[in-house]
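Undergrad: If you scroll down you'll find the structure; I have some questions about it.
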Amino acid sequence: MYKRRRILGTYLGVGLAAALLPGISPVADGPFWQTMLASIVFLIVNQLIHTYPSAIRTAPPVMLLILAAIGIVQDTLVWLLVSWLSGQMDSGFHVDGFLTALLGGVITRAVTLAAMALGPQPEPA
């Protein structure tokens, strides 16, 4: 369940960042598919590089800040990767610059962490 909330939070964060930021624009028509493509790239990278606490509510604040900062850098780089891949495939999102990618990374990470904080937390191992 915790993993599903992380995936849902990532998908919602990508969609929200794409909707709110004027510097993130679709390359072609069909916004649902562009959001899906960008979200799939985010999900693959987030599964390969796991920068989330095991239980967000019980994690020490310093660890949360460090993981959030690392996650924002990761999500910023993924927004730039999505923009580059979209240019190669003529489908997806175009990101105007680094600042837009940084704001997109902040929104994506904040929504993902918020989704992970909702509901029951995983049992400590």
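Residue numbering restarts at 1 in every chain; chains get A, B, ... in the order shown in the structure tokens, and ligands count up from 1 in that same order.
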Check chain A with DSSP on the backbone and list each residue it calls alpha helix (DSSP H), as JSON, numbers by chain.
TA: {"A": [2, 3, 4, 5, 6, 7, 8, 9, 10, 11, 12, 13, 14, 15, 16, 17, 18, 19, 20, 31, 32, 33, 34, 35, 36, 37, 38, 39, 40, 41, 42, 43, 44, 45, 46, 47, 48, 61, 62, 63, 64, 65, 66, 67, 68, 69, 70, 71, 72, 73, 74, 75, 76, 77, 78, 79, 80, 81, 82, 83, 84, 85, 86, 87, 88, 89, 98, 99, 100, 101, 102, 103, 104, 105, 106, 107, 108, 109, 110, 111, 112, 113, 114, 115, 116, 117]}
Undergrad: Check chain A with DSSP on the backbone and list each residue it calls strand (DSSP E), as a PyMOL selection string.
TA: chain A and resi 24-26+93-95
Undergrad: With a distance cut-off of 12 Å and only C-alpha atoms, select the neighbouring residues of region 96-104 of chain A, excluding the residue or stretch itself and same-chain residues fewer than 4 positions from it, and output the selection as a VMD selection string.
TA: chain A and resid 10 12 to 27 38 42 69 71 to 84 87 108 to 111
Undergrad: Taking only C-alpha atoms into account, name the residue in A:Thr58, A:Ser86, A:Thr51, A:Ser91 that is nearest to Arg6 (chain A).
TA: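 Closest to Arg6 (chain A), using only C-alpha atoms: A:Thr51.
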Undergrad: Write out as JSON, numbers by chain the residues lying within 12 Å of Arg4 (chain A), counting only C-alpha atoms and excluding same-chain residues fewer than 4 positions away.
TA: {"A": [8, 9, 10, 11, 43, 47, 112, 115, 116, 118, 119]}
Undergrad: Using only C-alpha atoms, pick whichever of A:Trp33, A:Pro120, A:Ile40, A:Lys3 has the shortest atom-to-atom distance to Tyr52 (chain A).
TA: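 Distance minimum relative to Tyr52 (chain A) lands on A:Lys3.
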Undergrad: Name all residues at most 12 Å from Ser54 (chain A) (count only C-alpha atoms; drop same-chain ones fewer than 2 positions away) and give them as a PyMOL selection string.
TA: chain A and resi 2-3+6+50-52+56-60+63-64+67+113+116-117+121-125
Undergrad: Name the closest residue to Ile107 (chain A) among the candidates A:Arg5, A:Asn46, A:Phe93, A:Ala68; distances are taken between atoms, counting only C-alpha atoms.
TA: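 Nearest to Ile107 (chain A): A:Ala68.
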